[in-house]
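Visitor: For reference, the file work-v3.tsv (TSV, C-alpha atoms) is included below:
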```
chain	number	residue	atom	x	y	z
A	1230	MET	CA	95.10	102.72	147.20
A	1231	ILE	CA	97.11	99.73	146.11
A	1232	TYR	CA	98.86	97.12	148.23
A	1233	CYS	CA	102.13	95.40	147.46
A	1234	SER	CA	101.47	91.74	146.68
A	1235	LYS	CA	104.87	90.80	148.11
A	1236	CYS	CA	104.97	92.60	151.48
A	1237	GLY	CA	101.48	94.16	151.83
A	1238	THR	CA	102.64	97.79	152.13
A	1239	GLN	CA	99.97	100.32	151.13
A	1240	HIS	CA	100.76	102.76	148.27
A	1241	GLU	CA	99.07	105.38	146.12
A	1242	ASP	CA	97.57	104.09	142.84
A	1243	ASN	CA	100.17	105.83	140.68
A	1244	THR	CA	103.15	104.20	142.47
A	1245	TYR	CA	104.89	101.55	140.40
A	1246	LYS	CA	107.45	100.19	142.88
A	1247	CYS	CA	107.02	99.26	146.51
A	1248	VAL	CA	109.04	101.60	148.76
A	1249	LYS	CA	109.68	98.77	151.21
A	1250	CYS	CA	110.59	95.72	149.09
A	1251	GLU	CA	110.94	97.37	145.63
A	1252	ALA	CA	108.53	94.87	144.01
A	1253	LEU	CA	106.64	96.07	140.97
A	1254	LEU	CA	103.11	97.11	141.86
A	1255	HIS	CA	101.83	97.35	138.28
A	1256	THR	CA	102.78	95.18	135.38
A	1257	PRO	CA	104.41	97.31	132.73
A	1258	ALA	CA	102.30	97.95	129.68
A	1259	VAL	CA	103.04	95.38	127.04
A	1260	GLU	CA	103.56	96.77	123.60
A	1261	SER	CA	100.94	95.54	121.27
A	1262	ALA	CA	102.07	93.10	118.64
A	1263	PRO	CA	102.97	94.71	115.35
A	1264	ARG	CA	100.05	94.78	112.97
A	1265	ILE	CA	100.41	92.45	110.07
A	1266	VAL	CA	99.46	94.18	106.88
A	1267	GLN	CA	98.10	91.70	104.41
A	1268	GLU	CA	98.45	92.48	100.77
A	1269	HIS	CA	95.42	92.20	98.53
A	1270	ILE	CA	95.65	89.07	96.42
A	1271	PRO	CA	93.02	89.13	93.67
A	1272	ASP	CA	90.98	85.97	93.28
A	1273	TYR	CA	89.57	86.72	89.78
A	1274	LEU	CA	86.35	84.95	90.76
A	1275	VAL	CA	84.08	87.33	88.84
A	1276	TRP	CA	86.22	86.98	85.70
A	1277	SER	CA	86.32	83.21	86.15
A	1278	ILE	CA	82.53	83.02	86.33
A	1279	LEU	CA	82.08	85.35	83.35
A	1280	THR	CA	84.54	83.45	81.18
A	1281	THR	CA	82.86	80.19	82.19
A	1282	LEU	CA	79.41	81.47	81.24
A	1283	PHE	CA	80.30	83.36	78.06
A	1284	CYS	CA	83.52	81.88	76.74
A	1285	CYS	CA	84.66	78.33	77.36
A	1286	LEU	CA	82.91	76.21	80.00
A	1287	PRO	CA	85.59	73.54	80.72
A	1288	VAL	CA	88.47	76.02	80.91
A	1289	GLY	CA	86.39	78.49	82.92
A	1290	ILE	CA	85.65	75.85	85.54
A	1291	VAL	CA	89.39	75.36	86.08
A	1292	ALA	CA	89.67	79.14	86.58
A	1293	ILE	CA	86.83	79.03	89.15
A	1294	VAL	CA	88.57	76.26	91.09
A	1295	TYR	CA	91.81	78.25	91.33
A	1296	SER	CA	89.86	81.43	92.19
A	1297	ALA	CA	88.12	79.67	95.06
A	1298	GLN	CA	91.46	78.51	96.49
A	1299	VAL	CA	92.82	82.04	96.93
A	1300	GLY	CA	90.66	83.05	99.91
A	1301	SER	CA	91.12	79.81	101.82
A	1302	LYS	CA	94.89	79.89	101.34
A	1303	VAL	CA	95.05	83.47	102.62
A	1304	LYS	CA	93.03	82.45	105.71
A	1305	ASP	CA	95.44	79.56	106.31
A	1306	GLY	CA	98.40	81.94	106.06
A	1307	ASP	CA	99.68	80.38	102.84
A	1308	ILE	CA	100.38	83.67	101.06
A	1309	GLU	CA	102.67	82.14	98.44
A	1310	GLY	CA	100.07	79.46	97.68
A	1311	ALA	CA	97.39	82.15	97.39
A	1312	ARG	CA	99.58	84.12	94.97
A	1313	GLY	CA	100.10	80.97	92.91
A	1314	SER	CA	96.37	80.18	92.79
A	1315	SER	CA	95.63	83.80	91.88
A	1316	LYS	CA	98.15	83.69	89.05
A	1317	LYS	CA	96.74	80.39	87.75
A	1318	ALA	CA	93.14	81.69	87.96
A	1319	LYS	CA	94.15	84.72	85.89
A	1320	MET	CA	95.96	82.51	83.37
A	1321	TRP	CA	92.95	80.20	82.95
A	1322	CYS	CA	90.63	83.20	82.50
A	1323	TRP	CA	92.84	84.40	79.65
A	1324	ILE	CA	92.97	80.89	78.16
A	1325	SER	CA	89.16	80.73	78.30
A	1326	LEU	CA	88.83	84.10	76.62
A	1327	GLY	CA	91.46	83.18	74.04
A	1328	SER	CA	89.64	79.92	73.29
A	1329	TRP	CA	86.41	81.82	72.70
A	1330	VAL	CA	88.14	84.31	70.38
A	1331	ALA	CA	89.78	81.45	68.45
A	1332	ILE	CA	86.44	79.62	68.06
A	1333	VAL	CA	84.70	82.79	66.86
A	1334	LEU	CA	87.48	83.54	64.36
A	1335	ILE	CA	87.42	79.96	63.04
A	1336	GLY	CA	83.64	80.21	62.70
A	1337	ILE	CA	83.92	83.45	60.73
A	1338	ILE	CA	86.60	81.99	58.46
A	1339	VAL	CA	84.54	78.84	57.84
A	1340	ALA	CA	81.47	80.95	57.06
A	1341	LEU	CA	83.41	83.16	54.65
A	1342	VAL	CA	85.08	80.23	52.91
A	1343	GLY	CA	81.81	78.29	52.78
A	1344	GLY	CA	80.02	81.32	51.33
A	1345	ALA	CA	82.73	81.83	48.73
A	1346	LEU	CA	82.62	78.15	47.71
A	1347	SER	CA	78.84	78.12	47.40
A	1348	GLN	CA	78.90	81.20	45.14
A	1349	SER	CA	81.51	79.67	42.86
A	1350	HIS	CA	79.25	76.72	41.95
```
Here is the file; what I need is its structure written in the form of structure tokens.
Guide:
Amino acid sequence: MIYCSKCGTQHEDNTYKCVKCEALLHTPAVESAPRIVQEHIPDYLVWSILTTLFCCLPVGIVAIVYSAQVGSKVKDGDIEGARGSSKKAKMWCWISLGSWVAIVLIGIIVALVGGALSQSH
């Protein structure tokens, strides 16, 4: 049994309105808030660490810094900032890899030219 909080009239549990004063006996069910679907924003942390260890240390560290910012910006609700940090982390990973490739190619060219010069003497 349920009692009207306004006039005290007794009602069955499944009654929603008081028959005497027409007050609501139950609060209507509130619709749950719409679920916010968060998109996955990659942080490139693994790639940042790998390019730091195996490619170019100074540039890789910059990539790690941007990678670390992605998660905290998502938690703070700064989705645009997280996207920007993700994009910059990816860019610095590529710069680190490109720097390593350039250094290796220059080393190979120097070795080939040095070998050719030493054979000509």
Visitor: Please report, as a Markdown table, each residue of segment 1267-1337 of chain A lying at most 12 Å from segment 1343-1348 of chain A, together with the nearest pair of atoms and the separation in Å rounded to one decimal; use only C-alpha atoms, and order rows by chain and ascending residue number.
Guide:
```
| residue | atom | partner | partner_atom | distance |
| --- | --- | --- | --- | --- |
| A:Ile1335 | CA | A:Gly1343 | CA | 11.8 |
| A:Gly1336 | CA | A:Gly1343 | CA | 10.3 |
| A:Ile1337 | CA | A:Gly1343 | CA | 9.7 |
```
Visitor: Interatomic distance between atom CA of Val1299 of chain A and atom CA of Ile1278 of chain A?
Guide: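 Atom-to-atom, atom CA of Val1299 of chain A to atom CA of Ile1278 of chain A, that is 14.8 Å.
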Visitor: Please provide as a list in words all residues within 7 Å of Tyr1295 of chain A, with the sequence filter that same-chain residues fewer than 4 positions apart are discarded (counting all atoms listed in the file).
Guide: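 So the residues in contact are Val1291, Val1299, Ser1314, Ser1315, Lys1317 and Ala1318 of chain A.
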Visitor: Identify, on the basis of only C-alpha atoms, every residue whose closest approach to Ser1277 of chain A does not exceed 9 Å; exclude the query and any residue fewer than 5 positions from it along the same chain; express the result as JSON, numbers by chain.
Guide: {"A": [1272, 1282, 1289, 1290, 1291, 1292, 1293, 1294, 1296, 1318, 1319, 1321, 1322, 1325]}
Visitor: Between atom CA of Gln1298 of chain A and atom CA of Tyr1273 of chain A, what is the distance, to one decimal in Å?
Guide: 10.8 Å
Visitor: Around the point (92.1, 76.5, 74.7) in the file's coordinates, collect all residues with an atom within 12 Å, using all atoms listed in the file, and return them as an NGL selection string.
Guide: :A and (1284-1289 or 1291 or 1320-1332)
Visitor: If you measure from atom CA of Phe1283 of chain A to atom CA of Ala1340 of chain A, what distance in Å do you get, rounded to one decimal?
Guide: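 Atom CA of Ala1340 of chain A lies at a distance of 21.2 Å from atom CA of Phe1283 of chain A.
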Visitor: Name the residues in contact with segment 1248-1250 of chain A at a cut-off of 8 Å, using only C-alpha atoms, excluding same-chain residues fewer than 3 positions from it; report them as a ChimeraX atom specification.
Guide: /A:1235-1236,1238
Visitor: Give the answer as one residue: which of A:Leu1279, A:Ile1338, A:Cys1233, A:Ile1308 has the shortest atom-to-atom distance to Leu1253 of chain A, using only C-alpha atoms?
Guide: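 Between A:Leu1279, A:Ile1338, A:Cys1233, A:Ile1308, the residue approaching Leu1253 of chain A most closely is A:Cys1233.
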